[in-house]
Amino acid sequence: MEDNFEIPNEMGETGNEKEIGKDGLKKKIIKEGDGYETPSNGDEVEVHYVGSLLDGTRFDSSYDRDVPFKFKLGLGHVIQGWDDGIKTMKKDEKALFTIPPALAYGESGSPPSIPPNATLKFEIELKSWTKVKDICKDGGILKTIITEGENWQTPKDPDEVLVKYEARLDDGSLVSKSEEVEFIVKDGCFCPALSRAVKTMKKGEKTLLTVKPQYAFGEKGREPEGDNECVVLPNTTLQITLELVSWKIVSEITTDSKVQKKILKEGEGYDCPNDGAAVQVKLIGKLKDGTVFMTKGHDDVPFDFKIDEEQVIDGLDRCVKTMKKGEVSMLTIHPDYAFGLTESHQDFATVPANCTVYYDVELVSFEKEKDMWELTTQEKIEASGRKKEEGNILFKKQKYERASKRYEKALSFIEYDSAFNDDEKQQAKVLKISCNLNNAACKLELRDYKQAVKLCTKVLDSDSNNVKALYRRAQACIWLVDLDVAEMDIKKALEIDPDNRDVKLEYKLLWEKVKEYNKKDAQFYGNIFAKMNKMEHLDTANGARKPEAVPMTIDSKA
């Protein structure tokens, strides 16, 4: 075996020698490796090697022991020349390294085999390596995968994970062991390292974590909490074997985190219901104490409703829209998306006012509403009319935000009318005007005055004498203090419809606003003149010439 690793006498016999870095480390490849990957700092590498002095005296060989040498790369476990050189090697590569004293054992050497200031030669064969991930990028948690996991997904902070773990000291003493424990990722478990590590793992993955004190128990250490557990002294590194058994995905359905969905059973495929889809579900509604206030669909026939048609509470509607066929989820719904500030009498119990509710839901099946491209031109006009009427109903219920979305949906069906015939184009034009006007009324109620102006302007681009558009744009402009445009719109509206009571009232409001702002202007300029007069008096007292006052008129005409 030794004959196979005889060190060449001349550097050029088996390949070109190249310098690595600027500290004198040299490398000559004896046998090319496989692939392109090379190990990184933290990876556990497995090598065979023969070490010799420059005169050929051999001082060590792993082949003599018939056992490869293992160590973690880049952590100072070996001489610097090894750390720097091996990270340039590929799997099964064999290379000869010439390592200067500064990257070996320096002035002290390693008696008795290696004298002081010795340049060393190492013939190294890289057998394999295990990837080690530096999770926090500071060496605090090093992860070595023992068993690969499934798929590509990893848990997120809100998710609920089920893990097994075993923590030991470097000498093998047991610190803690759990067969199965469930926790929310962001809340953590045992020590900070677990929640950080589990976010990098796939289902079924098993890993070995080397955890530095800052991610374990730090300067305080840990007392034993069970039989056969040992003390963790301050500033102690732990070795933790961690297995991610499974996890339940928890999603924030609304941006304000008031509606959450926890998946208990994954659904099929990728499709989810869209607005208007007919869905069939099984559901159980509960209070926080477990009281069931309703069950639906658990008899022979599933409970069916249409998405975004206000047939169920808003939070349930939103959640089911995100589900896949066959999915089972647990929902947590804040009162803002449930029954609000009033109590609600349900099938089996009363839901108190301002109460968070919980649902167990299974999406049995669904039929999506037709996509726009599937509709004929006449079907698009009919669909637009239906959505407009739905918006009108919501507006009367003072649900202005939802009504606005209905009007926008109605417009989306007829936005592009190039394929319409002349009669259909006329129908579409009437619908567009009606939907934009109604949506402008929603925006006024929602105090989105700029958007109200845009919608009314769209109508006026199509119908310059539309009194409602002039009236509503004037309303928005008054709130935006664009009083000139408001006055122009009101005057034009009165020219078209002199007896319109609403427009007349708006005209009165406009002039009240004009007076109010003129009064503010008068006060503003009055304060300025008062300060100027004070300065003039001071100048006069000091002998300065008093300039003639320039009158400033304030328009207060009603």
# chains A, B, ... in the order shown; residues from 1 in each chain; ligands from 1
>>> residues_around(residues="Trp479 in chain A", least_positions_apart="5", cutoff="12 Å", atoms="only C-alpha atoms", output="list in words")
Leu444, Glu445, Arg447, Asp448, Tyr449, Lys450, Ala452, Val453, Arg472, Arg473, Ala474, Val485, Ala486, Glu506, Leu509, Leu510, Lys513 and Val514 of chain A
>>> residues_around(residues="range 363-366 of chain A", least_positions_apart="4", cutoff="10 Å", atoms="only C-alpha atoms", output="VMD selection string")
chain A and resid 267 271 to 274 277 to 283 297 302 to 307 320 to 321 323 to 329
>>> residues_around(residues="Lys131 in chain A", least_positions_apart="5", cutoff="9 Å", atoms="only C-alpha atoms", output="PyMOL selection string")
chain A and resi 39-40+42-45+143-145
>>> residues_around(residues="Val198 in chain A", least_positions_apart="6", cutoff="10 Å", atoms="only C-alpha atoms", output="PyMOL selection string")
chain A and resi 154-157+161-163+185+188+205+207+242-244
>>> residues_around(residues="Asn392 in chain A", least_positions_apart="6", cutoff="10 Å", atoms="only C-alpha atoms", output="PDB file with all heavy atoms, in the first residue's frame")
ATOM      1  N   ARG A 386     -74.452  41.485 -13.608  1.00  0.00           N
ATOM      2  CA  ARG A 386     -74.688  40.793 -12.332  1.00  0.00           C
ATOM      3  C   ARG A 386     -73.781  41.359 -11.238  1.00  0.00           C
ATOM      4  O   ARG A 386     -74.229  41.589 -10.111  1.00  0.00           O
ATOM      5  CB  ARG A 386     -74.454  39.290 -12.487  1.00  0.00           C
ATOM      6  CG  ARG A 386     -75.564  38.555 -13.220  1.00  0.00           C
ATOM      7  CD  ARG A 386     -75.448  37.049 -13.008  1.00  0.00           C
ATOM      8  NE  ARG A 386     -74.169  36.525 -13.477  1.00  0.00           N
ATOM      9  CZ  ARG A 386     -73.924  36.120 -14.719  1.00  0.00           C
ATOM     10  NH1 ARG A 386     -74.877  36.203 -15.635  1.00  0.00           N
ATOM     11  NH2 ARG A 386     -72.735  35.653 -15.057  1.00  0.00           N
ATOM     12  N   GLN A 398     -74.116  49.473   3.154  1.00  0.00           N
ATOM     13  CA  GLN A 398     -73.008  50.309   3.618  1.00  0.00           C
ATOM     14  C   GLN A 398     -71.691  49.548   3.694  1.00  0.00           C
ATOM     15  O   GLN A 398     -70.780  49.905   4.452  1.00  0.00           O
ATOM     16  CB  GLN A 398     -73.335  50.951   4.974  1.00  0.00           C
ATOM     17  CG  GLN A 398     -74.558  51.859   4.916  1.00  0.00           C
ATOM     18  CD  GLN A 398     -74.843  52.545   6.239  1.00  0.00           C
ATOM     19  OE1 GLN A 398     -74.259  52.221   7.264  1.00  0.00           O
ATOM     20  NE2 GLN A 398     -75.756  53.506   6.212  1.00  0.00           N
ATOM     21  N   LYS A 399     -71.570  48.511   2.862  1.00  0.00           N
ATOM     22  CA  LYS A 399     -70.309  47.756   2.771  1.00  0.00           C
ATOM     23  C   LYS A 399     -69.556  48.278   1.545  1.00  0.00           C
ATOM     24  O   LYS A 399     -69.479  47.644   0.505  1.00  0.00           O
ATOM     25  CB  LYS A 399     -70.586  46.262   2.681  1.00  0.00           C
ATOM     26  CG  LYS A 399     -71.279  45.731   3.938  1.00  0.00           C
ATOM     27  CD  LYS A 399     -71.513  44.247   3.882  1.00  0.00           C
ATOM     28  CE  LYS A 399     -72.145  43.748   5.184  1.00  0.00           C
ATOM     29  NZ  LYS A 399     -72.375  42.300   5.204  1.00  0.00           N
ATOM     30  N   TYR A 400     -69.009  49.481   1.712  1.00  0.00           N
ATOM     31  CA  TYR A 400     -68.510  50.232   0.569  1.00  0.00           C
ATOM     32  C   TYR A 400     -67.252  49.618  -0.055  1.00  0.00           C
ATOM     33  O   TYR A 400     -67.085  49.646  -1.268  1.00  0.00           O
ATOM     34  CB  TYR A 400     -68.241  51.676   0.993  1.00  0.00           C
ATOM     35  CG  TYR A 400     -69.462  52.345   1.577  1.00  0.00           C
ATOM     36  CD1 TYR A 400     -69.482  52.799   2.895  1.00  0.00           C
ATOM     37  CD2 TYR A 400     -70.615  52.517   0.813  1.00  0.00           C
ATOM     38  CE1 TYR A 400     -70.603  53.408   3.443  1.00  0.00           C
ATOM     39  CE2 TYR A 400     -71.747  53.121   1.337  1.00  0.00           C
ATOM     40  CZ  TYR A 400     -71.734  53.560   2.656  1.00  0.00           C
ATOM     41  OH  TYR A 400     -72.855  54.147   3.188  1.00  0.00           O
ATOM     42  N   ALA A 403     -68.365  46.636  -2.025  1.00  0.00           N
ATOM     43  CA  ALA A 403     -69.130  47.119  -3.183  1.00  0.00           C
ATOM     44  C   ALA A 403     -68.182  47.633  -4.257  1.00  0.00           C
ATOM     45  O   ALA A 403     -68.353  47.353  -5.457  1.00  0.00           O
ATOM     46  CB  ALA A 403     -70.090  48.216  -2.755  1.00  0.00           C
ATOM     47  N   SER A 404     -67.155  48.367  -3.835  1.00  0.00           N
ATOM     48  CA  SER A 404     -66.171  48.906  -4.784  1.00  0.00           C
ATOM     49  C   SER A 404     -65.510  47.784  -5.578  1.00  0.00           C
ATOM     50  O   SER A 404     -65.316  47.884  -6.796  1.00  0.00           O
ATOM     51  CB  SER A 404     -65.117  49.713  -4.024  1.00  0.00           C
ATOM     52  OG  SER A 404     -64.103  50.149  -4.899  1.00  0.00           O
ATOM     53  N   ARG A 406     -66.782  44.916  -6.260  1.00  0.00           N
ATOM     54  CA  ARG A 406     -67.764  44.358  -7.197  1.00  0.00           C
ATOM     55  C   ARG A 406     -67.831  45.212  -8.469  1.00  0.00           C
ATOM     56  O   ARG A 406     -67.883  44.688  -9.576  1.00  0.00           O
ATOM     57  CB  ARG A 406     -69.146  44.305  -6.554  1.00  0.00           C
ATOM     58  CG  ARG A 406     -69.352  43.174  -5.571  1.00  0.00           C
ATOM     59  CD  ARG A 406     -69.277  41.797  -6.260  1.00  0.00           C
ATOM     60  NE  ARG A 406     -69.815  40.766  -5.416  1.00  0.00           N
ATOM     61  CZ  ARG A 406     -69.195  40.213  -4.388  1.00  0.00           C
ATOM     62  NH1 ARG A 406     -67.984  40.620  -4.081  1.00  0.00           N
ATOM     63  NH2 ARG A 406     -69.761  39.259  -3.668  1.00  0.00           N
ATOM     64  N   TYR A 407     -67.841  46.523  -8.298  1.00  0.00           N
ATOM     65  CA  TYR A 407     -67.895  47.402  -9.471  1.00  0.00           C
ATOM     66  C   TYR A 407     -66.630  47.241 -10.324  1.00  0.00           C
ATOM     67  O   TYR A 407     -66.689  47.254 -11.557  1.00  0.00           O
ATOM     68  CB  TYR A 407     -68.066  48.854  -9.039  1.00  0.00           C
ATOM     69  CG  TYR A 407     -69.381  49.131  -8.348  1.00  0.00           C
ATOM     70  CD1 TYR A 407     -69.440  49.836  -7.142  1.00  0.00           C
ATOM     71  CD2 TYR A 407     -70.588  48.693  -8.890  1.00  0.00           C
ATOM     72  CE1 TYR A 407     -70.645  50.087  -6.505  1.00  0.00           C
ATOM     73  CE2 TYR A 407     -71.801  48.936  -8.262  1.00  0.00           C
ATOM     74  CZ  TYR A 407     -71.824  49.629  -7.067  1.00  0.00           C
ATOM     75  OH  TYR A 407     -73.018  49.873  -6.442  1.00  0.00           O
ATOM     76  N   CYS A 435     -70.951  51.810 -13.544  1.00  0.00           N
ATOM     77  CA  CYS A 435     -70.028  51.211 -12.571  1.00  0.00           C
ATOM     78  C   CYS A 435     -69.017  52.233 -12.058  1.00  0.00           C
ATOM     79  O   CYS A 435     -68.711  52.268 -10.854  1.00  0.00           O
ATOM     80  CB  CYS A 435     -69.298  50.021 -13.189  1.00  0.00           C
ATOM     81  SG  CYS A 435     -70.348  48.579 -13.432  1.00  0.00           S
ATOM     82  N   ASN A 438     -70.864  54.613  -9.646  1.00  0.00           N
ATOM     83  CA  ASN A 438     -71.171  53.959  -8.375  1.00  0.00           C
ATOM     84  C   ASN A 438     -69.897  53.722  -7.557  1.00  0.00           C
ATOM     85  O   ASN A 438     -69.895  53.849  -6.329  1.00  0.00           O
ATOM     86  CB  ASN A 438     -71.894  52.639  -8.623  1.00  0.00           C
ATOM     87  CG  ASN A 438     -73.288  52.842  -9.192  1.00  0.00           C
ATOM     88  OD1 ASN A 438     -73.758  53.973  -9.316  1.00  0.00           O
ATOM     89  ND2 ASN A 438     -73.954  51.752  -9.546  1.00  0.00           N
ATOM     90  N   ASN A 439     -68.824  53.366  -8.261  1.00  0.00           N
ATOM     91  CA  ASN A 439     -67.550  53.159  -7.564  1.00  0.00           C
ATOM     92  C   ASN A 439     -67.040  54.481  -6.993  1.00  0.00           C
ATOM     93  O   ASN A 439     -66.480  54.522  -5.895  1.00  0.00           O
ATOM     94  CB  ASN A 439     -66.519  52.561  -8.517  1.00  0.00           C
ATOM     95  CG  ASN A 439     -65.358  51.917  -7.779  1.00  0.00           C
ATOM     96  OD1 ASN A 439     -65.372  51.780  -6.560  1.00  0.00           O
ATOM     97  ND2 ASN A 439     -64.345  51.527  -8.514  1.00  0.00           N
TER      98      ASN A 439
END
>>> residues_around(residues="Asn235 in chain A", least_positions_apart="4", cutoff="6 Å", atoms="only C-alpha atoms", output="list in words")
Pro213, Gly218 and Glu219 of chain A
>>> residues_around(residues="Asp187 in chain A", least_positions_apart="4", cutoff="10 Å", atoms="only C-alpha atoms", output="tab-separated table (two decimals) with C-alpha atoms, in the first residue's frame")
chain	number	residue	atom	x	y	z
A	157	ASP	CA	-41.99	31.13	11.89
A	158	PRO	CA	-45.79	30.67	12.31
A	159	ASP	CA	-45.70	26.92	11.55
A	160	GLU	CA	-46.21	24.19	14.14
A	183	PHE	CA	-43.94	23.66	19.14
A	192	PRO	CA	-32.56	28.91	20.65
A	195	SER	CA	-36.04	27.06	16.14
